[in-house]
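K.L.:
Sharing entry33.tsv, TSV, C-alpha atoms:
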```tsv
chain	number	residue	atom	x	y	z
A	189	MET	CA	47.78	205.19	105.23
A	190	ALA	CA	49.07	202.54	102.83
A	191	ILE	CA	48.02	203.90	99.46
A	192	THR	CA	47.54	201.22	96.82
A	193	SER	CA	49.44	201.81	93.58
A	194	LYS	CA	47.67	202.03	90.23
A	195	LYS	CA	49.41	198.86	89.14
A	196	GLU	CA	47.98	197.01	92.14
A	197	ILE	CA	44.55	198.45	91.44
A	198	LEU	CA	44.73	197.29	87.82
A	199	GLU	CA	45.75	193.81	88.98
A	200	HIS	CA	42.82	193.81	91.37
A	201	LEU	CA	40.39	194.98	88.69
A	202	ASP	CA	41.60	192.13	86.46
A	203	SER	CA	40.90	189.66	89.24
A	204	ILE	CA	37.28	190.62	90.04
A	205	ASP	CA	33.97	190.53	88.20
A	206	LEU	CA	33.51	194.19	87.35
A	207	ASN	CA	30.14	193.58	85.68
A	208	GLU	CA	28.86	192.26	88.98
A	209	LEU	CA	30.26	195.21	90.92
A	210	LEU	CA	28.69	197.67	88.44
A	211	ASP	CA	25.33	195.88	88.73
A	212	ARG	CA	25.46	196.16	92.52
A	213	MET	CA	26.42	199.83	92.32
A	214	GLU	CA	23.69	200.66	89.81
A	215	ASN	CA	21.07	198.88	91.87
A	216	TYR	CA	22.08	200.93	94.89
A	217	VAL	CA	22.02	204.22	92.95
A	218	ARG	CA	18.61	203.46	91.43
A	219	THR	CA	17.22	202.78	94.91
A	220	ARG	CA	18.53	206.11	96.12
A	221	PHE	CA	16.68	207.82	93.28
A	222	TYR	CA	13.32	206.21	93.98
A	223	ASN	CA	11.72	209.36	95.42
A	224	LYS	CA	13.26	211.82	93.01
A	225	SER	CA	11.09	213.65	90.51
A	226	GLU	CA	11.24	213.01	86.77
A	227	LYS	CA	12.88	216.40	86.41
A	228	GLU	CA	15.65	215.46	88.84
A	229	ARG	CA	16.23	212.16	87.03
A	230	GLU	CA	16.29	213.81	83.63
A	231	GLY	CA	19.56	213.21	81.82
A	232	PHE	CA	20.99	211.22	84.70
A	233	ASP	CA	22.82	208.12	83.52
A	234	TYR	CA	23.04	205.61	86.37
A	235	LEU	CA	25.76	203.48	84.82
A	236	ASP	CA	27.90	206.47	83.83
A	237	PHE	CA	27.64	207.76	87.38
A	238	CYS	CA	28.93	204.42	88.70
A	239	TYR	CA	31.68	204.37	86.08
A	240	ASN	CA	32.87	207.81	87.18
A	241	VAL	CA	33.02	206.60	90.77
A	242	LEU	CA	35.22	203.70	89.62
A	243	ILE	CA	37.46	206.02	87.59
A	244	LYS	CA	37.99	208.34	90.54
A	245	ALA	CA	38.66	205.43	92.84
A	246	SER	CA	41.15	203.84	90.44
A	247	THR	CA	43.15	206.79	89.18
A	248	GLY	CA	44.14	208.42	92.44
A	249	VAL	CA	41.38	210.99	92.93
A	250	ARG	CA	40.37	208.82	95.86
A	251	ASN	CA	42.92	206.64	97.57
A	252	TRP	CA	42.27	203.02	98.43
A	253	ASP	CA	44.01	201.70	101.51
A	254	LYS	CA	43.97	197.98	100.76
A	255	GLU	CA	45.17	197.06	104.23
A	256	LYS	CA	42.25	198.86	105.82
A	257	THR	CA	39.27	198.27	103.50
A	258	PRO	CA	38.32	195.65	100.91
A	259	PHE	CA	38.00	197.14	97.40
A	260	ASP	CA	34.23	196.68	97.06
A	261	LYS	CA	33.58	198.39	100.41
A	262	PHE	CA	35.89	201.22	99.41
A	263	ILE	CA	33.96	201.58	96.14
A	264	PHE	CA	30.61	201.62	97.94
A	265	GLY	CA	31.94	204.24	100.36
A	266	SER	CA	33.02	206.35	97.38
A	267	LEU	CA	29.66	205.78	95.70
A	268	ARG	CA	27.74	206.95	98.75
A	269	SER	CA	29.98	209.96	99.14
A	270	ASP	CA	29.55	210.95	95.47
A	271	LEU	CA	25.79	210.51	95.72
A	272	TYR	CA	25.74	212.64	98.84
A	273	ASN	CA	27.59	215.39	96.93
A	274	PHE	CA	25.34	215.00	93.90
A	275	PHE	CA	22.14	215.42	95.90
A	276	ARG	CA	23.65	218.26	97.89
A	277	LYS	CA	24.53	220.10	94.68
A	278	GLN	CA	21.02	219.55	93.39
A	279	LYS	CA	19.64	220.96	96.62
A	280	ASN	CA	21.99	223.94	96.43
A	281	LYS	CA	20.93	224.62	92.86
A	282	LYS	CA	17.29	224.47	93.89
A	283	ASN	CA	17.93	226.81	96.82
A	284	GLU	CA	19.87	229.18	94.60
A	285	LYS	CA	16.99	229.28	92.16
A	286	GLU	CA	14.56	230.05	94.96
A	287	ASP	CA	16.85	232.72	96.36
A	288	LEU	CA	17.19	234.31	92.95
A	289	GLN	CA	13.47	234.38	92.58
A	290	SER	CA	12.95	236.07	95.94
A	291	THR	CA	15.90	238.47	95.82
A	292	GLU	CA	16.70	238.99	92.22
A	293	GLN	CA	19.12	241.83	92.83
A	294	GLU	CA	21.42	239.88	95.12
A	295	VAL	CA	24.23	237.71	93.77
A	296	TYR	CA	25.69	234.82	95.76
A	297	LEU	CA	28.89	232.95	95.11
A	298	ILE	CA	28.57	229.50	96.56
A	299	GLU	CA	31.63	227.34	96.76
A	300	VAL	CA	30.73	223.69	96.55
A	301	ASN	CA	33.35	221.33	97.86
A	302	GLU	CA	33.63	218.45	95.41
A	303	PHE	CA	34.52	215.65	97.75
A	304	ILE	CA	33.08	215.62	101.19
A	305	GLU	CA	33.23	212.28	102.91
A	306	LEU	CA	30.15	211.24	104.83
A	307	ASP	CA	32.29	210.93	107.92
A	308	GLU	CA	33.18	214.58	107.67
A	309	VAL	CA	29.59	215.68	108.03
A	310	GLU	CA	29.07	216.82	111.54
A	311	THR	CA	26.56	214.90	113.55
A	312	GLU	CA	25.37	215.50	117.03
A	313	ASP	CA	26.53	213.00	119.59
A	314	GLU	CA	23.80	211.56	121.71
A	315	PRO	CA	23.96	212.61	125.33
A	316	PRO	CA	25.52	209.78	127.37
A	317	TYR	CA	22.42	209.28	129.49
A	318	ILE	CA	20.36	208.03	126.56
A	319	ASP	CA	20.54	204.28	126.53
A	320	PHE	CA	21.11	202.63	123.15
A	321	LYS	CA	18.32	200.21	124.02
A	322	ASP	CA	15.93	203.15	124.29
A	323	ILE	CA	17.11	204.54	120.97
A	324	SER	CA	16.60	201.14	119.31
A	325	GLN	CA	13.14	200.81	120.80
A	326	ASP	CA	12.21	204.30	119.61
A	327	ALA	CA	13.44	203.43	116.13
A	328	LEU	CA	11.37	200.24	116.05
A	329	LYS	CA	8.33	202.10	117.34
A	330	SER	CA	8.80	204.70	114.67
A	331	LEU	CA	8.95	202.02	111.97
A	332	ARG	CA	5.79	200.32	113.29
A	333	GLU	CA	3.96	203.64	113.26
A	334	GLN	CA	4.80	203.98	109.59
A	335	GLY	CA	3.27	200.60	108.89
A	336	ALA	CA	6.46	198.52	108.68
A	337	ASP	CA	5.52	194.85	108.19
A	338	LYS	CA	6.72	191.88	110.25
A	339	LEU	CA	9.70	191.13	108.00
A	340	GLU	CA	10.85	194.74	107.95
A	341	ILE	CA	10.87	194.76	111.73
A	342	GLU	CA	12.72	191.43	111.81
A	343	VAL	CA	15.39	192.65	109.38
A	344	PHE	CA	15.85	195.79	111.44
A	345	GLU	CA	16.16	193.67	114.59
A	346	CYS	CA	18.78	191.52	112.85
A	347	TRP	CA	20.83	194.65	112.13
A	348	LEU	CA	20.52	195.72	115.75
A	349	ALA	CA	21.71	192.28	116.79
A	350	GLY	CA	24.76	192.56	114.52
A	351	TYR	CA	23.65	190.47	111.53
A	352	TYR	CA	24.17	192.24	108.22
A	353	LYS	CA	24.75	189.65	105.50
A	354	PRO	CA	21.54	189.10	103.49
A	355	LYS	CA	22.08	185.35	103.47
A	356	GLU	CA	22.31	185.03	107.25
A	357	ILE	CA	19.39	187.42	107.72
A	358	ALA	CA	17.33	185.28	105.32
A	359	GLU	CA	18.15	182.17	107.36
A	360	LEU	CA	17.30	183.87	110.64
A	361	CYS	CA	13.99	185.15	109.25
A	362	ASP	CA	13.24	181.82	107.59
A	363	THR	CA	12.84	183.28	104.13
A	364	ASP	CA	14.90	183.70	100.93
A	365	THR	CA	17.43	186.39	99.98
A	366	ALA	CA	15.15	187.87	97.28
A	367	GLU	CA	12.57	188.60	99.96
A	368	ILE	CA	15.24	190.19	102.18
A	369	ASN	CA	16.41	192.33	99.27
A	370	ASN	CA	12.87	193.62	98.71
A	371	THR	CA	12.40	194.18	102.43
A	372	VAL	CA	15.60	196.27	102.70
A	373	LYS	CA	14.40	198.30	99.72
A	374	ARG	CA	11.11	199.01	101.52
A	375	LEU	CA	12.93	199.74	104.77
A	376	SER	CA	15.30	202.18	103.11
A	377	ARG	CA	12.29	204.23	102.03
A	378	LYS	CA	11.22	204.79	105.61
A	379	THR	CA	12.26	207.39	108.13
A	380	ILE	CA	12.64	207.11	111.85
A	381	LYS	CA	11.93	209.71	114.46
A	382	LEU	CA	14.63	210.06	117.07
A	383	LYS	CA	14.86	212.86	119.59
A	384	GLU	CA	12.15	214.77	117.65
A	385	LYS	CA	14.24	214.56	114.48
A	386	TRP	CA	13.23	212.56	111.42
A	387	ILE	CA	16.05	210.55	109.91
A	388	SER	CA	15.86	208.95	106.51
A	389	LEU	CA	17.18	205.40	106.60
A	390	LYS	CA	18.65	205.40	103.12
A	391	LYS	CA	21.25	208.15	103.75
B	11	MET	CA	22.13	208.14	117.59
B	12	ASP	CA	25.44	207.88	115.70
B	13	LYS	CA	25.68	204.23	116.62
B	14	LEU	CA	22.21	203.54	115.23
B	15	LYS	CA	22.99	205.47	112.05
B	16	LYS	CA	26.10	203.36	111.54
B	17	ILE	CA	24.11	200.16	112.07
B	18	ILE	CA	21.48	201.22	109.53
B	19	ASP	CA	24.14	202.31	107.04
B	20	LYS	CA	25.89	198.98	107.37
B	21	GLY	CA	22.68	197.01	107.03
B	22	ILE	CA	21.63	198.80	103.86
B	23	THR	CA	25.09	198.86	102.26
B	24	GLU	CA	25.78	195.18	102.93
B	25	ASN	CA	22.46	194.26	101.38
B	26	TYR	CA	23.56	195.81	98.08
B	27	LEU	CA	27.15	194.66	98.39
B	28	PHE	CA	26.70	191.06	99.51
B	29	GLY	CA	23.18	190.24	98.36
B	30	ASP	CA	22.73	187.34	95.96
B	31	ILE	CA	23.70	188.65	92.51
B	32	ASN	CA	20.59	187.10	90.97
B	33	ASP	CA	18.43	189.14	93.37
B	34	ILE	CA	20.38	192.27	92.47
B	35	ARG	CA	19.90	191.65	88.73
B	36	LYS	CA	16.22	190.86	89.21
B	37	SER	CA	15.90	194.17	91.03
B	38	LEU	CA	17.62	196.00	88.14
B	39	SER	CA	15.27	194.28	85.76
B	40	ASP	CA	12.32	195.47	87.85
B	41	TYR	CA	13.65	199.01	87.47
B	42	GLY	CA	13.32	198.51	83.71
B	43	VAL	CA	16.99	197.86	82.95
B	44	ASN	CA	17.68	195.69	79.90
B	45	LEU	CA	20.41	193.52	81.39
B	46	GLU	CA	21.83	192.47	78.04
B	47	ASP	CA	22.20	196.03	76.71
B	48	ASN	CA	23.52	197.11	80.07
B	49	ARG	CA	26.18	194.40	80.00
B	50	GLU	CA	27.32	195.57	76.58
B	51	HIS	CA	27.58	199.16	77.81
B	52	GLN	CA	29.39	197.99	80.96
B	53	ASN	CA	31.95	196.06	78.89
B	54	LYS	CA	32.79	199.18	76.91
B	55	LEU	CA	33.21	201.18	80.11
B	56	ILE	CA	35.34	198.47	81.73
B	57	LYS	CA	37.60	198.47	78.66
B	58	GLN	CA	37.87	202.26	78.88
B	59	LEU	CA	38.59	202.15	82.60
B	60	LYS	CA	41.43	199.66	82.20
B	61	PHE	CA	42.83	201.56	79.23
B	62	LYS	CA	42.87	204.82	81.21
B	63	LEU	CA	44.51	203.11	84.13
B	64	ARG	CA	47.16	201.46	81.92
B	65	SER	CA	48.03	204.72	80.18
B	66	SER	CA	48.21	206.50	83.52
B	67	ILE	CA	50.59	203.79	84.82
B	68	ASN	CA	52.77	204.11	81.68
B	69	LYS	CA	52.83	207.89	81.99
B	70	GLU	CA	53.97	207.67	85.60
B	71	LYS	CA	56.57	205.06	84.68
B	72	ASN	CA	57.94	207.30	81.94
B	73	GLU	CA	58.01	210.32	84.25
B	74	ASN	CA	59.99	208.31	86.79
B	75	LEU	CA	62.47	207.18	84.13
B	76	LEU	CA	62.82	210.76	82.91
B	77	LEU	CA	63.48	211.96	86.44
B	78	LYS	CA	66.05	209.24	87.06
B	79	ALA	CA	67.86	209.94	83.76
B	80	THR	CA	67.86	213.68	84.45
B	81	GLU	CA	69.30	213.24	87.93
B	82	SER	CA	71.97	210.90	86.60
B	83	PHE	CA	72.92	213.40	83.91
B	84	GLN	CA	73.18	216.20	86.45
B	85	ASP	CA	75.39	213.97	88.57
B	86	ALA	CA	77.54	213.06	85.56
B	87	ILE	CA	77.93	216.74	84.62
B	88	ASN	CA	78.97	217.62	88.16
B	89	LYS	CA	81.52	214.79	88.14
B	90	GLY	CA	82.70	215.75	84.66
B	91	LEU	CA	82.17	212.25	83.23
B	92	GLU	CA	83.29	212.21	79.61
B	93	LYS	CA	80.88	209.83	77.90
B	94	PRO	CA	77.60	211.13	79.34
B	95	ILE	CA	78.66	214.72	78.66
B	96	ALA	CA	79.53	213.83	75.05
B	97	TYR	CA	76.19	212.07	74.69
B	98	LEU	CA	74.32	215.08	76.00
B	99	ASN	CA	76.32	217.47	73.82
B	100	ASN	CA	75.47	215.32	70.84
B	101	LEU	CA	71.76	215.47	71.67
B	102	ILE	CA	71.96	219.24	72.03
B	103	LYS	CA	73.63	219.52	68.62
B	104	GLU	CA	71.11	217.18	67.03
B	105	ASN	CA	68.33	219.30	68.41
B	106	GLN	CA	70.06	222.52	67.26
B	107	LEU	CA	70.09	223.91	70.77
B	108	VAL	CA	73.76	224.97	70.78
B	109	VAL	CA	73.16	228.63	71.40
B	110	GLN	CA	70.56	228.05	74.02
B	111	TYR	CA	72.43	225.44	76.05
B	112	ASN	CA	76.11	226.15	75.54
B	113	LYS	CA	77.07	225.63	79.15
B	114	LEU	CA	76.16	222.21	80.43
B	115	ASP	CA	76.65	222.98	84.11
B	116	LYS	CA	74.10	225.76	83.83
B	117	LEU	CA	71.36	223.43	82.59
B	118	SER	CA	68.38	223.12	84.89
B	119	SER	CA	66.71	219.76	85.41
B	120	ASP	CA	63.74	220.93	83.31
B	121	GLU	CA	66.09	221.79	80.46
B	122	ILE	CA	67.76	218.37	80.64
B	123	LYS	CA	64.32	216.74	80.66
B	124	GLU	CA	63.40	218.71	77.55
B	125	ILE	CA	66.55	217.51	75.75
B	126	ILE	CA	66.22	213.82	76.59
B	127	LYS	CA	62.44	213.33	76.79
B	128	ASP	CA	62.07	211.71	73.35
B	129	GLN	CA	65.12	209.44	73.70
B	130	ASN	CA	65.26	205.83	74.80
B	131	LEU	CA	65.38	206.52	78.53
B	132	ILE	CA	66.23	202.98	79.56
B	133	GLU	CA	69.25	203.01	77.24
B	134	ILE	CA	70.34	206.37	78.69
B	135	ILE	CA	70.01	205.15	82.26
B	136	GLU	CA	72.04	202.04	81.41
B	137	LEU	CA	74.75	204.17	79.82
B	138	LEU	CA	74.91	206.44	82.86
B	139	GLU	CA	74.93	203.55	85.30
B	140	ASN	CA	77.83	201.91	83.45
B	141	GLU	CA	79.77	205.15	83.53
B	142	GLN	CA	79.22	205.75	87.22
```
Using structure tokens, write down the structure that the file contains.
P.N.:
Amino acid sequence: MAITSKKEILEHLDSIDLNELLDRMENYVRTRFYNKSEKEREGFDYLDFCYNVLIKASTGVRNWDKEKTPFDKFIFGSLRSDLYNFFRKQKNKKNEKEDLQSTEQEVYLIEVNEFIELDEVETEDEPPYIDFKDISQDALKSLREQGADKLEIEVFECWLAGYYKPKEIAELCDTDTAEINNTVKRLSRKTIKLKEKWISLKK
Amino acid sequence: MDKLKKIIDKGITENYLFGDINDIRKSLSDYGVNLEDNREHQNKLIKQLKFKLRSSINKEKNENLLLKATESFQDAINKGLEKPIAYLNNLIKENQLVVQYNKLDKLSSDEIKEIIKDQNLIEIIELLENEQ
């Protein structure tokens, strides 16, 4: 791994529009919070959260391999990982509270690992006999059942076909990027049922 | 299923990462964000971020210089080089550390670091390089 030096990171930060990057990060974080209760949002500062991700990514807590990943993708990876940990901690706290209520005499020490990468989370591999086409069709069916509109289905089909950039998706769907942005937001709030398991799209 | 998850992840992430910035800001505005106030707050944080990074770079640079000077002094002591030893003795006297560090060859690298840490390290390194 070719770790980028702090000096190189500083040079890079000087060369990019950090306001724009922070806006993109905050927009993503706010979307991830859409279904959280007022209580869960209480005291949460979206911009400060993004700033802390940047600090960690710039001062060596996380290491950027500039030969492997562009800086903005590395930052978004870090952001997603930190959000994953944040929500997991919240869930643990909630579970702890519930456990305390049910078994007040028991004391648990729970060690929470600060930095778990999404890639480290174990996932089940699909058995080889399940065709990806079938999986894709099931996912689309699942979206339709939840009332996904025409554009949501089209955007999802674009992803399946390997188109990811909002601009090219907008061209393919004969609409504008603002519409695609809103559609992705709606899509990310849906879940799909695969192999009897519900999977949230936003995670 | 992993393949589909990756596709969905990529689709969602790229939307936020490469979407038109005006769409992104409109979306923030829809969330109730005052873009002007937010920009002001961002600018403060960006300034802080760069300051932290700069001071961390300087700290590392200084630590490297200190390490280099210390190693050079240890080398000079081992070789018995007159000038560097005299310089170090002088620093020890100035710092009133005579009793503590009366035998130079017994000094550990941490002790040398302690003696020279507040000096002009670049000047010291130059002196040692000239001597060696």
K.L.:
Considering all atoms listed in the file, tabulate each residue of chain B that lies at most 9 Å from chain A along with its nearest interatomic pair and the corresponding distance in Å to one decimal; arrange the rows by chain and ascending residue number and present them as a Markdown table.
P.N.:
```
| residue | atom | partner | partner_atom | distance |
| --- | --- | --- | --- | --- |
| B:Met11 | CA | A:Glu314 | CA | 5.6 |
| B:Asp12 | CA | A:Asp313 | CA | 6.5 |
| B:Lys13 | CA | A:Phe320 | CA | 8.1 |
| B:Leu14 | CA | A:Ser324 | CA | 7.3 |
| B:Lys15 | CA | A:Leu389 | CA | 8.0 |
| B:Ile17 | CA | A:Trp347 | CA | 6.4 |
| B:Ile18 | CA | A:Leu389 | CA | 6.7 |
| B:Asp19 | CA | A:Lys391 | CA | 7.3 |
| B:Lys20 | CA | A:Tyr352 | CA | 7.0 |
| B:Gly21 | CA | A:Tyr352 | CA | 5.1 |
| B:Ile22 | CA | A:Val372 | CA | 6.6 |
| B:Thr23 | CA | A:Phe264 | CA | 7.5 |
| B:Glu24 | CA | A:Lys353 | CA | 6.2 |
| B:Asn25 | CA | A:Pro354 | CA | 5.7 |
| B:Tyr26 | CA | A:Arg212 | CA | 5.9 |
| B:Leu27 | CA | A:Arg212 | CA | 6.3 |
| B:Phe28 | CA | A:Lys353 | CA | 6.5 |
| B:Gly29 | CA | A:Pro354 | CA | 5.5 |
| B:Asp30 | CA | A:Thr365 | CA | 6.7 |
| B:Ile31 | CA | A:Glu208 | CA | 7.2 |
| B:Asn32 | CA | A:Ala366 | CA | 8.4 |
| B:Asp33 | CA | A:Ala366 | CA | 5.3 |
| B:Ile34 | CA | A:Arg212 | CA | 6.4 |
| B:Arg35 | CA | A:Asp211 | CA | 6.9 |
| B:Lys36 | CA | A:Ala366 | CA | 8.7 |
| B:Ser37 | CA | A:Asn215 | CA | 7.0 |
| B:Leu38 | CA | A:Asn215 | CA | 5.8 |
| B:Tyr41 | CA | A:Arg218 | CA | 7.8 |
| B:Asn48 | CA | A:Leu235 | CA | 8.3 |
| B:Arg49 | CA | A:Asn207 | CA | 7.0 |
| B:His51 | CA | A:Leu235 | CA | 8.4 |
| B:Gln52 | CA | A:Asn207 | CA | 6.5 |
| B:Asn53 | CA | A:Asn207 | CA | 7.5 |
| B:Leu55 | CA | A:Tyr239 | CA | 6.9 |
| B:Ile56 | CA | A:Leu206 | CA | 7.3 |
| B:Leu59 | CA | A:Ile243 | CA | 6.4 |
| B:Lys60 | CA | A:Leu198 | CA | 6.9 |
| B:Lys62 | CA | A:Thr247 | CA | 8.2 |
| B:Leu63 | CA | A:Thr247 | CA | 6.4 |
| B:Arg64 | CA | A:Leu198 | CA | 7.6 |
| B:Ser66 | CA | A:Thr247 | CA | 7.6 |
| B:Ile67 | CA | A:Lys194 | CA | 6.4 |
```
K.L.:
Can you list, as a PyMOL selection string, every protein, DNA or RNA residue that comes within 12 Å of Leu91 of chain B when you count all atoms listed in the file, leaving out same-chain residues fewer than 2 positions away?
P.N.:
chain B and resi 82-89+93-98+114+137-142
K.L.:
So how many Å separate atom CA of Leu271 of chain A and atom CA of Thr371 of chain A, to one decimal?
P.N.:
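One can read the atom CA of Leu271 of chain A to atom CA of Thr371 of chain A distance as 22.2 Å.
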K.L.:
Between atom CA of Cys361 of chain A and atom CA of Lys338 of chain A, what distance in Å does the model show, to one decimal?
P.N.:
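Going from atom CA of Cys361 of chain A over to atom CA of Lys338 of chain A covers 10.0 Å.
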K.L.:
For the atom pair atom CA of Asp326 of chain A and atom CA of Asp362 of chain A, what is the interatomic distance in Å to one decimal place?
P.N.:
25.5 Å
K.L.:
My list of candidates is A:Asn283, A:Phe274, A:Arg332, A:Thr379. Which is closest to Val241 of chain A when distances are computed with all atoms listed in the file?
P.N.:
A:Phe274
